[in-house]
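One structure below.
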Amino acid sequence: NAGVMQNPRHLVRRRGQEARLRCSPMKGHSHVYWYRQLPEEGLKFMVYLQKENIIDESGMPKERFSAEFPKEGPSILRIQQVVRGDSAAYFCASSPSGPSTEAFFGQGTRLTVV
Amino acid sequence: AQRVTQPEKLLSVFKGAPVELKCNYSYSGSPELFWYVQYSRQRLQLLLRHISRESIKGFTADLNKGETSFHLKKPFAQEEDSAMYYCALATGGSNYKLTFGKGTLLTVNP
């Protein structure tokens with residue numbers, strides 16, 4: 001089991017472009033969590049998804065950010081019209097059967113907005 | 001709003017010495033606290049959680065609600081303990097709505 005895979009590892013976008021971050025959970029895991037680490041800050045929860053459902057998006061910025069976890073394929077965190085303040089490391093974690101089970105983290109995607 | 005404070009960015013000890021990594025939190029609800037560790041070139045992984053009251057790799061942590069602290073301790077540090085340590089607070093009755101501290105880099109010298 002290769003673990004949680006995130007790609008790309010590094011992403012550079014110009015202001016106003018779209019950023020798409022992908023997360024493939026561990027095999028057999030159907031619960032995905034996204035976290036953001038702003039510069040000089042700790043990670044913070046953004047969104048919790050199950051296959052085809054958003055369970056909790058209370059940590060997501062109200063605008064420009066969206067997330068999905070389709071029936072097939074990876075989970076996608078999408079940031080539209082990126083701004084410099086979106087520059088951060090974005091981490092994904094997955095768990096096999098809900099939040100009561102341990103979540104395993106990916107290596108993160110570092111987004112730089114220029 | 002919830003907050004996790006790890007006052008030391010860097011901590012350096014010698015092998016065999018005791019180590020304590022400090023963590024303080026701010027949260028109006030009932031807290032659930034965790035310690036995560038990230039070894040060099042590896043992924044973030046769960047070390048221990050306060051509800052388990054267990055010892056992992058010789059590390060323990062006690063939740064002190066009076067002092068709002070959850071310090072991580074080990075009586076005899078080993079070189080392989082060198083890593084980045086993050087304290088995390090779960091809110092809203094979940095254990096996924098995590099807020100992490102900024103982390104402490106522990107270096108254990110031979």
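Please note that chains go A, B, ... in the order of the structure tokens, that every chain numbers its residues from 1, and that ligands are numbered from 1 in the order shown.
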Selection near Ser94 in chain B, 12 Å with only C-alpha atoms, sequence-local residues under 5 positions removed, as a PDB file with N, CA, C and O atoms, in the first residue's frame:
```pdb
ATOM      1  N   PHE A  45      -7.900  22.249   9.767  1.00  0.00           N
ATOM      2  CA  PHE A  45      -8.902  21.478   9.048  1.00  0.00           C
ATOM      3  C   PHE A  45      -9.648  22.351   8.048  1.00  0.00           C
ATOM      4  O   PHE A  45     -10.005  23.502   8.329  1.00  0.00           O
ATOM      5  N   TYR A  48     -14.084  17.599   5.154  1.00  0.00           N
ATOM      6  CA  TYR A  48     -14.136  16.143   5.320  1.00  0.00           C
ATOM      7  C   TYR A  48     -15.116  15.605   4.288  1.00  0.00           C
ATOM      8  O   TYR A  48     -16.260  16.053   4.199  1.00  0.00           O
ATOM      9  N   ILE A  55     -19.088  15.871   3.935  1.00  0.00           N
ATOM     10  CA  ILE A  55     -19.633  15.640   5.265  1.00  0.00           C
ATOM     11  C   ILE A  55     -19.531  16.905   6.116  1.00  0.00           C
ATOM     12  O   ILE A  55     -20.466  17.248   6.844  1.00  0.00           O
ATOM     13  N   ASP A  56     -18.402  17.576   6.029  1.00  0.00           N
ATOM     14  CA  ASP A  56     -18.183  18.754   6.879  1.00  0.00           C
ATOM     15  C   ASP A  56     -17.238  19.683   6.151  1.00  0.00           C
ATOM     16  O   ASP A  56     -16.092  19.321   5.909  1.00  0.00           O
ATOM     17  N   GLY A  98     -14.221   6.185   8.805  1.00  0.00           N
ATOM     18  CA  GLY A  98     -14.770   7.288   9.567  1.00  0.00           C
ATOM     19  C   GLY A  98     -13.771   7.878  10.527  1.00  0.00           C
ATOM     20  O   GLY A  98     -12.687   7.344  10.744  1.00  0.00           O
ATOM     21  N   PRO A  99     -14.146   9.003  11.122  1.00  0.00           N
ATOM     22  CA  PRO A  99     -13.199   9.781  11.926  1.00  0.00           C
ATOM     23  C   PRO A  99     -12.725   9.081  13.194  1.00  0.00           C
ATOM     24  O   PRO A  99     -11.745   9.492  13.780  1.00  0.00           O
ATOM     25  N   SER A 100     -13.415   8.057  13.623  1.00  0.00           N
ATOM     26  CA  SER A 100     -12.972   7.400  14.851  1.00  0.00           C
ATOM     27  C   SER A 100     -11.745   6.528  14.612  1.00  0.00           C
ATOM     28  O   SER A 100     -11.091   6.089  15.556  1.00  0.00           O
ATOM     29  N   THR A 101     -11.440   6.275  13.365  1.00  0.00           N
ATOM     30  CA  THR A 101     -10.260   5.495  13.017  1.00  0.00           C
ATOM     31  C   THR A 101      -9.122   6.430  12.628  1.00  0.00           C
ATOM     32  O   THR A 101      -9.350   7.541  12.172  1.00  0.00           O
TER      33      THR A 101
ATOM     34  N   GLY B  29     -14.656  24.409  24.670  1.00  0.00           N
ATOM     35  CA  GLY B  29     -15.386  23.151  24.786  1.00  0.00           C
ATOM     36  C   GLY B  29     -14.550  22.072  25.437  1.00  0.00           C
ATOM     37  O   GLY B  29     -13.515  22.337  26.068  1.00  0.00           O
ATOM     38  N   SER B  30     -14.986  20.853  25.274  1.00  0.00           N
ATOM     39  CA  SER B  30     -14.258  19.713  25.828  1.00  0.00           C
ATOM     40  C   SER B  30     -13.165  19.298  24.840  1.00  0.00           C
ATOM     41  O   SER B  30     -13.456  18.870  23.730  1.00  0.00           O
ATOM     42  N   PRO B  31     -11.904  19.420  25.229  1.00  0.00           N
ATOM     43  CA  PRO B  31     -10.833  19.215  24.247  1.00  0.00           C
ATOM     44  C   PRO B  31     -10.484  17.749  24.050  1.00  0.00           C
ATOM     45  O   PRO B  31     -10.609  16.935  24.956  1.00  0.00           O
ATOM     46  N   GLU B  32     -10.043  17.457  22.845  1.00  0.00           N
ATOM     47  CA  GLU B  32      -9.415  16.174  22.577  1.00  0.00           C
ATOM     48  C   GLU B  32      -8.057  16.497  21.953  1.00  0.00           C
ATOM     49  O   GLU B  32      -7.971  17.187  20.954  1.00  0.00           O
ATOM     50  N   LEU B  33      -7.006  16.006  22.603  1.00  0.00           N
ATOM     51  CA  LEU B  33      -5.652  16.397  22.213  1.00  0.00           C
ATOM     52  C   LEU B  33      -4.872  15.215  21.652  1.00  0.00           C
ATOM     53  O   LEU B  33      -5.067  14.061  22.074  1.00  0.00           O
ATOM     54  N   LEU B  89      -5.329  19.830  18.419  1.00  0.00           N
ATOM     55  CA  LEU B  89      -6.563  19.903  19.189  1.00  0.00           C
ATOM     56  C   LEU B  89      -7.729  19.600  18.263  1.00  0.00           C
ATOM     57  O   LEU B  89      -7.837  20.203  17.192  1.00  0.00           O
ATOM     58  N   THR B  99      -6.798  21.350  14.798  1.00  0.00           N
ATOM     59  CA  THR B  99      -5.982  22.559  14.727  1.00  0.00           C
ATOM     60  C   THR B  99      -4.633  22.198  15.312  1.00  0.00           C
ATOM     61  O   THR B  99      -4.554  21.731  16.455  1.00  0.00           O
TER      62      THR B  99
END
```
Taking only C-alpha atoms into account, produce a table as CSV in which each residue of chain A with an atom at most 10 Å from an atom of chain B appears once, together with its shortest atom pair and the distance in Å to one decimal, ordered by chain and rising number.
```
residue,atom,partner,partner_atom,distance
A:Gly3,CA,B:Arg43,CA,9.5
A:Val4,CA,B:Arg43,CA,9.5
A:Val32,CA,B:Tyr96,CA,9.9
A:Tyr33,CA,B:Tyr96,CA,7.5
A:Trp34,CA,B:Tyr96,CA,9.7
A:Tyr35,CA,B:Leu98,CA,8.4
A:Arg36,CA,B:Thr99,CA,9.9
A:Gln37,CA,B:Phe100,CA,9.1
A:Pro39,CA,B:Lys102,CA,9.7
A:Glu40,CA,B:Lys102,CA,7.0
A:Glu41,CA,B:Lys102,CA,5.4
A:Gly42,CA,B:Lys102,CA,4.3
A:Leu43,CA,B:Phe100,CA,5.1
A:Lys44,CA,B:Thr99,CA,4.8
A:Phe45,CA,B:Lys97,CA,5.3
A:Met46,CA,B:Lys97,CA,8.0
A:Val47,CA,B:Lys97,CA,8.4
A:Tyr48,CA,B:Tyr96,CA,7.9
A:Asp56,CA,B:Lys97,CA,9.1
A:Glu57,CA,B:Lys97,CA,10.0
A:Ser58,CA,B:Lys97,CA,8.9
A:Gly59,CA,B:Lys97,CA,8.2
A:Phe91,CA,B:Leu44,CA,9.6
A:Ala93,CA,B:Leu44,CA,9.6
A:Gly98,CA,B:Tyr96,CA,9.3
A:Pro99,CA,B:Tyr96,CA,5.9
A:Ser100,CA,B:Asn95,CA,6.8
A:Thr101,CA,B:Asn95,CA,9.0
A:Glu102,CA,B:Leu46,CA,7.7
A:Ala103,CA,B:Leu46,CA,8.1
A:Phe104,CA,B:Gln45,CA,6.6
A:Phe105,CA,B:Leu44,CA,5.9
A:Gly106,CA,B:Arg43,CA,6.4
A:Gln107,CA,B:Arg43,CA,5.5
A:Gly108,CA,B:Arg43,CA,8.7
```
Near Pro74 in chain A, counting only C-alpha atoms, which residues have an atom at most 9 Å away, once you skip same-chain residues fewer than 3 positions from it, shown as a PDB file with N, CA, C and O atoms, in the first residue's frame?
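To be explicit, this is the file written out as result00.pdb:
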```
ATOM      1  N   ARG A  22      -4.749  17.145  -6.073  1.00  0.00           N
ATOM      2  CA  ARG A  22      -5.330  15.804  -6.077  1.00  0.00           C
ATOM      3  C   ARG A  22      -4.850  14.983  -4.891  1.00  0.00           C
ATOM      4  O   ARG A  22      -3.709  15.103  -4.452  1.00  0.00           O
ATOM      5  N   CYS A  23      -5.743  14.143  -4.421  1.00  0.00           N
ATOM      6  CA  CYS A  23      -5.424  13.271  -3.299  1.00  0.00           C
ATOM      7  C   CYS A  23      -6.015  11.891  -3.555  1.00  0.00           C
ATOM      8  O   CYS A  23      -7.238  11.739  -3.664  1.00  0.00           O
ATOM      9  N   SER A  24      -5.142  10.901  -3.653  1.00  0.00           N
ATOM     10  CA  SER A  24      -5.599   9.513  -3.776  1.00  0.00           C
ATOM     11  C   SER A  24      -5.453   8.851  -2.411  1.00  0.00           C
ATOM     12  O   SER A  24      -4.330   8.711  -1.916  1.00  0.00           O
ATOM     13  N   PRO A  25      -6.557   8.463  -1.799  1.00  0.00           N
ATOM     14  CA  PRO A  25      -6.472   7.866  -0.458  1.00  0.00           C
ATOM     15  C   PRO A  25      -5.827   6.492  -0.502  1.00  0.00           C
ATOM     16  O   PRO A  25      -5.624   5.912  -1.563  1.00  0.00           O
ATOM     17  N   GLU A  68     -14.190  17.888  -3.858  1.00  0.00           N
ATOM     18  CA  GLU A  68     -15.034  16.776  -4.260  1.00  0.00           C
ATOM     19  C   GLU A  68     -14.278  15.466  -4.078  1.00  0.00           C
ATOM     20  O   GLU A  68     -13.045  15.440  -4.059  1.00  0.00           O
ATOM     21  N   PHE A  69     -15.035  14.404  -3.959  1.00  0.00           N
ATOM     22  CA  PHE A  69     -14.461  13.053  -3.857  1.00  0.00           C
ATOM     23  C   PHE A  69     -15.404  12.149  -4.645  1.00  0.00           C
ATOM     24  O   PHE A  69     -16.343  11.584  -4.112  1.00  0.00           O
ATOM     25  N   PRO A  70     -15.168  12.030  -5.953  1.00  0.00           N
ATOM     26  CA  PRO A  70     -16.102  11.289  -6.801  1.00  0.00           C
ATOM     27  C   PRO A  70     -16.043   9.791  -6.538  1.00  0.00           C
ATOM     28  O   PRO A  70     -15.129   9.290  -5.878  1.00  0.00           O
ATOM     29  N   LYS A  71     -17.025   9.120  -7.100  1.00  0.00           N
ATOM     30  CA  LYS A  71     -17.109   7.669  -6.935  1.00  0.00           C
ATOM     31  C   LYS A  71     -15.834   6.987  -7.442  1.00  0.00           C
ATOM     32  O   LYS A  71     -15.329   6.035  -6.847  1.00  0.00           O
TER      33      LYS A  71
END
```
Legend entry - Contacts of Arg20 in chain A within 7 Å, only C-alpha atoms, excl. fewer than 2 positions in-chain, as a PyMOL selection string: chain A and resi 18+22+76-79
Residues from the last selection, all heavy atoms, saved as a short mmCIF file (atom, residue, chain, number, x, y, z; two decimals), in the first residue's frame:
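So the final result, stored in part24.cif, reads:
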```
data_model
loop_
_atom_site.label_atom_id
_atom_site.label_comp_id
_atom_site.auth_asym_id
_atom_site.auth_seq_id
_atom_site.Cartn_x
_atom_site.Cartn_y
_atom_site.Cartn_z
N GLU A 18 -6.47 28.97 -11.82
CA GLU A 18 -7.10 27.95 -10.99
C GLU A 18 -6.03 26.94 -10.54
O GLU A 18 -5.11 26.63 -11.28
CB GLU A 18 -8.18 27.21 -11.78
CG GLU A 18 -8.87 26.10 -11.00
CD GLU A 18 -9.93 25.38 -11.82
OE1 GLU A 18 -11.02 25.96 -12.01
OE2 GLU A 18 -9.66 24.25 -12.27
N ARG A 22 -4.75 17.14 -6.07
CA ARG A 22 -5.33 15.80 -6.08
C ARG A 22 -4.85 14.98 -4.89
O ARG A 22 -3.71 15.10 -4.45
CB ARG A 22 -4.96 15.08 -7.36
CG ARG A 22 -5.57 15.68 -8.61
CD ARG A 22 -5.08 14.99 -9.86
NE ARG A 22 -5.48 15.71 -11.07
CZ ARG A 22 -4.93 16.83 -11.49
NH1 ARG A 22 -3.92 17.35 -10.84
NH2 ARG A 22 -5.36 17.43 -12.57
N ILE A 76 -10.40 15.94 -5.14
CA ILE A 76 -9.84 17.15 -5.73
C ILE A 76 -10.18 18.33 -4.83
O ILE A 76 -11.34 18.52 -4.44
CB ILE A 76 -10.44 17.43 -7.13
CG1 ILE A 76 -10.28 16.23 -8.05
CG2 ILE A 76 -9.82 18.69 -7.73
CD1 ILE A 76 -8.90 16.00 -8.57
N LEU A 77 -9.16 19.13 -4.53
CA LEU A 77 -9.36 20.44 -3.88
C LEU A 77 -9.11 21.48 -4.96
O LEU A 77 -8.03 21.51 -5.55
CB LEU A 77 -8.42 20.62 -2.70
CG LEU A 77 -8.54 21.95 -1.96
CD1 LEU A 77 -9.89 22.04 -1.24
CD2 LEU A 77 -7.40 22.12 -0.95
N ARG A 78 -10.11 22.29 -5.21
CA ARG A 78 -10.03 23.25 -6.31
C ARG A 78 -10.08 24.67 -5.75
O ARG A 78 -10.93 24.99 -4.92
CB ARG A 78 -11.22 23.02 -7.24
CG ARG A 78 -11.25 23.85 -8.48
CD ARG A 78 -12.46 23.42 -9.30
NE ARG A 78 -12.66 24.27 -10.46
CZ ARG A 78 -13.84 24.63 -10.93
NH1 ARG A 78 -14.94 24.19 -10.35
NH2 ARG A 78 -13.94 25.39 -11.99
N ILE A 79 -9.13 25.47 -6.19
CA ILE A 79 -9.10 26.88 -5.78
C ILE A 79 -9.18 27.72 -7.04
O ILE A 79 -8.29 27.67 -7.90
CB ILE A 79 -7.81 27.22 -5.01
CG1 ILE A 79 -7.53 26.17 -3.91
CG2 ILE A 79 -7.92 28.62 -4.39
CD1 ILE A 79 -6.17 26.33 -3.25
#
```
Legend entry - Shell around Asp62 in chain B at 9 Å using only C-alpha atoms, local window under 4 positions removed, as an MDAnalysis selection string: chainID B and resid 50 53 69:73
Legend entry - Nearest residue to Tyr85 in chain B from the set B:Ser52, B:Ala17, B:Lys9, B:Leu105 (distances using only C-alpha atoms):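 Counting only C-alpha atoms, the residue closest to Tyr85 in chain B is B:Leu105.
Nearest residue to Met5 in chain A, choosing from A:Thr112, A:Asn53, A:Ser94, A:Gln80 and counting only C-alpha atoms: A:Ser94.
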Legend entry - Selection near Ser40 in chain B, 9 Å with only C-alpha atoms, sequence-local residues under 3 positions removed, as a list in words: Arg43, Ser82, Ala83 and Met84 of chain B
Any chance you could export the current selection's C-alpha atoms as a short mmCIF file (atom, residue, chain, number, x, y, z; two decimals), in the first residue's frame?
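Writing the result to part.cif gives the following:
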```
data_model
loop_
_atom_site.label_atom_id
_atom_site.label_comp_id
_atom_site.auth_asym_id
_atom_site.auth_seq_id
_atom_site.Cartn_x
_atom_site.Cartn_y
_atom_site.Cartn_z
CA ARG B 43 4.80 11.79 6.47
CA SER B 82 14.80 13.39 16.52
CA ALA B 83 11.83 14.69 14.54
CA MET B 84 9.25 17.44 14.24
#
```
Skipping near chain neighbours, those fewer than 3 positions away, what residues fall within 12 Å of Glu80 in chain B using only C-alpha atoms, listed as a PDB file with N, CA, C and O atoms, in the first residue's frame?
```pdb
ATOM      1  N   PHE B  14      20.563  15.849  24.908  1.00  0.00           N
ATOM      2  CA  PHE B  14      21.510  14.764  24.689  1.00  0.00           C
ATOM      3  C   PHE B  14      20.817  13.423  24.908  1.00  0.00           C
ATOM      4  O   PHE B  14      19.865  13.309  25.673  1.00  0.00           O
ATOM      5  N   LYS B  15      21.318  12.432  24.227  1.00  0.00           N
ATOM      6  CA  LYS B  15      20.806  11.070  24.357  1.00  0.00           C
ATOM      7  C   LYS B  15      20.810  10.657  25.834  1.00  0.00           C
ATOM      8  O   LYS B  15      21.788  10.906  26.545  1.00  0.00           O
ATOM      9  N   GLY B  16      19.700  10.077  26.263  1.00  0.00           N
ATOM     10  CA  GLY B  16      19.572   9.636  27.643  1.00  0.00           C
ATOM     11  C   GLY B  16      18.997  10.684  28.573  1.00  0.00           C
ATOM     12  O   GLY B  16      18.621  10.367  29.709  1.00  0.00           O
ATOM     13  N   VAL B  37       3.863  13.207  14.908  1.00  0.00           N
ATOM     14  CA  VAL B  37       5.306  13.273  14.703  1.00  0.00           C
ATOM     15  C   VAL B  37       5.602  13.162  13.210  1.00  0.00           C
ATOM     16  O   VAL B  37       4.890  12.462  12.470  1.00  0.00           O
ATOM     17  N   GLN B  38       6.626  13.878  12.782  1.00  0.00           N
ATOM     18  CA  GLN B  38       7.083  13.783  11.390  1.00  0.00           C
ATOM     19  C   GLN B  38       8.589  13.580  11.394  1.00  0.00           C
ATOM     20  O   GLN B  38       9.346  14.509  11.702  1.00  0.00           O
ATOM     21  N   TYR B  39       9.004  12.362  11.093  1.00  0.00           N
ATOM     22  CA  TYR B  39      10.428  12.064  10.976  1.00  0.00           C
ATOM     23  C   TYR B  39      10.936  12.595   9.644  1.00  0.00           C
ATOM     24  O   TYR B  39      10.167  12.838   8.711  1.00  0.00           O
ATOM     25  N   SER B  40      12.258  12.734   9.561  1.00  0.00           N
ATOM     26  CA  SER B  40      12.859  13.321   8.368  1.00  0.00           C
ATOM     27  C   SER B  40      12.423  12.592   7.103  1.00  0.00           C
ATOM     28  O   SER B  40      12.497  11.367   7.018  1.00  0.00           O
ATOM     29  N   LYS B  57       6.371   4.473  22.132  1.00  0.00           N
ATOM     30  CA  LYS B  57       7.822   4.695  21.968  1.00  0.00           C
ATOM     31  C   LYS B  57       8.397   5.369  23.208  1.00  0.00           C
ATOM     32  O   LYS B  57       9.342   6.161  23.110  1.00  0.00           O
ATOM     33  N   GLY B  58       7.822   5.105  24.355  1.00  0.00           N
ATOM     34  CA  GLY B  58       8.314   5.665  25.602  1.00  0.00           C
ATOM     35  C   GLY B  58       7.782   7.053  25.909  1.00  0.00           C
ATOM     36  O   GLY B  58       8.084   7.610  26.966  1.00  0.00           O
ATOM     37  N   PHE B  76      13.963   9.212  28.858  1.00  0.00           N
ATOM     38  CA  PHE B  76      15.310   9.004  28.324  1.00  0.00           C
ATOM     39  C   PHE B  76      15.258   9.121  26.801  1.00  0.00           C
ATOM     40  O   PHE B  76      14.831   8.185  26.120  1.00  0.00           O
ATOM     41  N   ALA B  77      15.670  10.241  26.263  1.00  0.00           N
ATOM     42  CA  ALA B  77      15.593  10.467  24.823  1.00  0.00           C
ATOM     43  C   ALA B  77      16.588   9.592  24.065  1.00  0.00           C
ATOM     44  O   ALA B  77      17.697   9.330  24.544  1.00  0.00           O
ATOM     45  N   ALA B  83      12.946  14.534  15.471  1.00  0.00           N
ATOM     46  CA  ALA B  83      11.829  14.691  14.537  1.00  0.00           C
ATOM     47  C   ALA B  83      11.128  16.002  14.835  1.00  0.00           C
ATOM     48  O   ALA B  83      11.440  16.695  15.804  1.00  0.00           O
ATOM     49  N   MET B  84      10.129  16.288  14.005  1.00  0.00           N
ATOM     50  CA  MET B  84       9.251  17.435  14.243  1.00  0.00           C
ATOM     51  C   MET B  84       8.013  16.914  14.959  1.00  0.00           C
ATOM     52  O   MET B  84       7.420  15.921  14.529  1.00  0.00           O
ATOM     53  N   LEU B 106      12.674  18.584  17.526  1.00  0.00           N
ATOM     54  CA  LEU B 106      13.493  17.960  18.565  1.00  0.00           C
ATOM     55  C   LEU B 106      14.733  17.343  17.943  1.00  0.00           C
ATOM     56  O   LEU B 106      14.632  16.561  16.997  1.00  0.00           O
ATOM     57  N   THR B 107      15.872  17.700  18.488  1.00  0.00           N
ATOM     58  CA  THR B 107      17.130  17.081  18.065  1.00  0.00           C
ATOM     59  C   THR B 107      17.746  16.402  19.278  1.00  0.00           C
ATOM     60  O   THR B 107      17.938  17.041  20.324  1.00  0.00           O
ATOM     61  N   VAL B 108      18.018  15.113  19.138  1.00  0.00           N
ATOM     62  CA  VAL B 108      18.665  14.365  20.209  1.00  0.00           C
ATOM     63  C   VAL B 108      20.097  14.098  19.775  1.00  0.00           C
ATOM     64  O   VAL B 108      20.348  13.399  18.801  1.00  0.00           O
ATOM     65  N   ASN B 109      21.030  14.679  20.517  1.00  0.00           N
ATOM     66  CA  ASN B 109      22.449  14.589  20.171  1.00  0.00           C
ATOM     67  C   ASN B 109      23.102  13.377  20.834  1.00  0.00           C
ATOM     68  O   ASN B 109      22.742  13.027  21.950  1.00  0.00           O
ATOM     69  N   PRO B 110      24.045  12.752  20.141  1.00  0.00           N
ATOM     70  CA  PRO B 110      24.713  11.564  20.716  1.00  0.00           C
ATOM     71  C   PRO B 110      25.593  11.915  21.915  1.00  0.00           C
ATOM     72  O   PRO B 110      25.960  13.071  22.109  1.00  0.00           O
TER      73      PRO B 110
END
```
Legend entry - DSSP strand (DSSP E or B) residues within range 31-89 of chain A, listed as a PyMOL selection string: chain A and resi 31-37+44-50+53-56+65-68+75-79+88-89
Inset, instruction - Quick one: pull the distance between CA of Ser28 in chain B and CA of Pro7 in chain B, Å, one decimal. - result: 20.5 Å
